[in-house]
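Undergrad: Quick one: the structure is below, and I'll ask about it shortly.
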Protein chains: 2
Amino acid sequence: MKTLRADAQRSRERIVQAAETAFRRHGVEASLEAIAKDAGVGSATLHRHFRSRRELVEAVFRGSTNAVAAEATRLAAEQPPGPALFHWLQAVLRYTLANRGLATTLVPLPDENHEGYCGHDALSAAAEPLLVAAKSAGQVRADVTAVDVLSLVNAISLLADRDPGADAERLLGLAITGIAPSACAEQLGRAP
Amino acid sequence: MKTLRADAQRSRERIVQAAETAFRRHGVEASLEAIAKDAGVGSATLHRHFRSRRELVEAVFRGSTNAVAAEATRLAAEQPPGPALFHWLQAVLRYTLANRGLATTLVPLPDENHEGYCGHDALSAAAEPLLVAAKSAGQVRADVTAVDVLSLVNAISLLADRDPGADAERLLGLAITGIAPSACAEQLGRAP
DNA sequence: ACGGAAATGGGGTGTGCCCCCATTTATGGC
DNA sequence: GCCATAAATGGGGGCACACCCCATTTCCGT
């Protein structure tokens, strides 16, 4: 990626800033035209800088997503493996809940467009060491992957986005400890 | 609800039928205008019969949603309590996965508009007896509610809608049996 | 068969996404 | 400092869609 011209750089920053407040007020479905106007640029300029809404959303949340990812190493240093993982998952959940609609972009890119940044990948990578540690401490089942746990958190976030009445943290707790006592776990899996 | 005039009844049915095929082809975000055209009615007519997209979606899926709900009693009769519940949850999941976007309307109505039908309520009601049976057989934790389990299924469906790469049935299995062995379940809950 | 109420749909309005292209602006070599 | 050139810009147009107004048509009880 070449260096942007100075004015282009300035436009880009103003767009991201306007988008940040618009997303906070109206969720990630806020009107791109309105964002462009708030930023004092034409809509064409916005579309040249960000070819899709998703690109803009990821630019806006890139910093805070990385901060949450970084939190993983802090928790890993301060707590035993199991709680470190669980508390980090809670933190991820709270982060997505605090930003209406964010969860919809914390999902792998549909086509393998490896050009761009993807928040989902950043979080998966952060989850990996926590999960490995929790597994070798015997606190988490061996067959669970980082993508699995993030997918569950993300699924719950998506639900909470649509259903404000849902108690997302409670659901996360259920998903972690399981609805069924382990006694009957083996009974599942015989397909009907 | 008064009886509709015969022509109104016909219009309504043609709209629902057109919507059904449109939803199957393009998901529940299909263009309402296109549905109206396919049905051979003006868009105003569609909007008079269905004041929101959600109303139309629920009209289209009402029958099949009720069929899935009815499946619960069949399973309850044929299988022991635990498997009956789990297999029914799998059935609900498969049903929502088979109808792209359906999950977004299987969520409680935002405001307490108790006029209309709500698929979520129908399924919750169906889950209740299965859950009670599974609990008294000691196969499911006592503190779990019907809304809890449906919420988890729904959350996973929402994720799978956005991320075709997600293995929804696997995630449901994880949520049921839990990511963590029960040994460390109690460690959760000490807030950071 | 007729009169009024119910139902209809063409078309208008508003909103938003996305892009074209004539014009403006920054920049690096001179 | 100046200028040539490529980068960047944004007003405005095309398009798609949701939603609604209201003049007209259609049904149905009498």
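Identifiers in this document derive from the order of the structure tokens: chains are assigned A, B, ..., residues are numbered from 1 separately in each chain, and ligands are numbered from 1 in order of occurrence.
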For chain D against chain A, with a cut-off of 10 Å and counting only C-alpha atoms (C1' of nucleotides), what is the closest atom pair and its distance in Å to one decimal for every residue that makes the cut, ordered by chain and number, as a Markdown table?

TA:
| residue | atom | partner | partner_atom | distance |
| --- | --- | --- | --- | --- |
| D:DA7 | C1' | A:Arg5 | CA | 7.3 |
| D:DA8 | C1' | A:Ala8 | CA | 6.5 |
| D:DT9 | C1' | A:Thr45 | CA | 6.7 |
| D:DG10 | C1' | A:Gly42 | CA | 4.6 |
| D:DG11 | C1' | A:Gly42 | CA | 8.0 |

Undergrad: Keeping N, CA and C atoms (P, O5', C5', C4', C3', O3' and C1' of nucleotides), export the residues of the selection given above as a tab-separated table (two decimals), in the first residue's frame.

TA:
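Produced file out_10.tsv, reproduced below:
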chain	number	residue	atom	x	y	z
D	7	DA	P	-1.73	8.50	-10.18
D	7	DA	O5'	-2.23	9.17	-8.82
D	7	DA	C5'	-1.30	9.83	-7.98
D	7	DA	C4'	-2.06	10.64	-6.94
D	7	DA	C3'	-3.26	9.91	-6.36
D	7	DA	O3'	-3.29	10.19	-4.97
D	7	DA	C1'	-3.98	11.95	-7.37
D	8	DA	P	-4.37	9.53	-4.02
D	8	DA	O5'	-5.50	10.64	-3.96
D	8	DA	C5'	-5.17	11.91	-3.43
D	8	DA	C4'	-6.37	12.82	-3.52
D	8	DA	C3'	-7.69	12.22	-3.02
D	8	DA	O3'	-8.18	13.04	-1.98
D	8	DA	C1'	-7.99	13.27	-5.12
D	9	DT	P	-9.59	12.71	-1.28
D	9	DT	O5'	-10.56	13.65	-2.11
D	9	DT	C5'	-10.24	15.03	-2.20
D	9	DT	C4'	-11.27	15.73	-3.06
D	9	DT	C3'	-12.71	15.45	-2.66
D	9	DT	O3'	-13.31	16.63	-2.21
D	9	DT	C1'	-12.40	15.35	-5.03
D	10	DG	P	-14.48	16.53	-1.15
D	10	DG	O5'	-15.75	16.78	-2.06
D	10	DG	C5'	-15.82	17.97	-2.82
D	10	DG	C4'	-17.00	17.88	-3.78
D	10	DG	C3'	-18.27	17.28	-3.14
D	10	DG	O3'	-19.40	17.87	-3.77
D	10	DG	C1'	-17.62	15.94	-4.93
D	11	DG	P	-20.37	18.75	-3.01
D	11	DG	O5'	-21.32	19.26	-4.20
D	11	DG	C5'	-20.73	19.95	-5.30
D	11	DG	C4'	-21.39	19.53	-6.60
D	11	DG	C3'	-22.91	19.31	-6.52
D	11	DG	O3'	-23.48	19.84	-7.72
D	11	DG	C1'	-21.87	17.33	-7.30

Undergrad: What residues in segment 6-165 of chain B get the DSSP label helix (DSSP H, G or I)? Please answer as a PyMOL selection string.

TA: chain B and resi 6-26+32-39+43-49+53-78+81-98+102-105+119-136+146-162

Undergrad: Restrict the distance test to only C-alpha atoms (C1' of nucleotides), flag each residue of chain C within 8 Å of chain B, and return the flagged residues as a PyMOL selection string.

TA: chain C and resi 6-9

Undergrad: Using only C-alpha atoms, determine which residues of chain A fall within 6 Å of chain B; present them as a PyMOL selection string.

TA: chain A and resi 140-141+155-156+159+175-180+185

Undergrad: Hey, what's within 12 Å of segment 17-19 of chain C if we count only C-alpha atoms (C1' of nucleotides) and toss same-chain stuff fewer than 2 positions away? As a list in words, please?

TA: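 My list of contacting residues is Ser31, Leu32, Glu33, Ala34, Ser43, Ala44, Thr45, Leu46, His47, Arg48, Phe50, Arg51, Ser52 and Arg53 of chain A; DT15 and DC21 of chain C; DG10, DG12, DG13, DG14, DC15, DA16 and DC17 of chain D.
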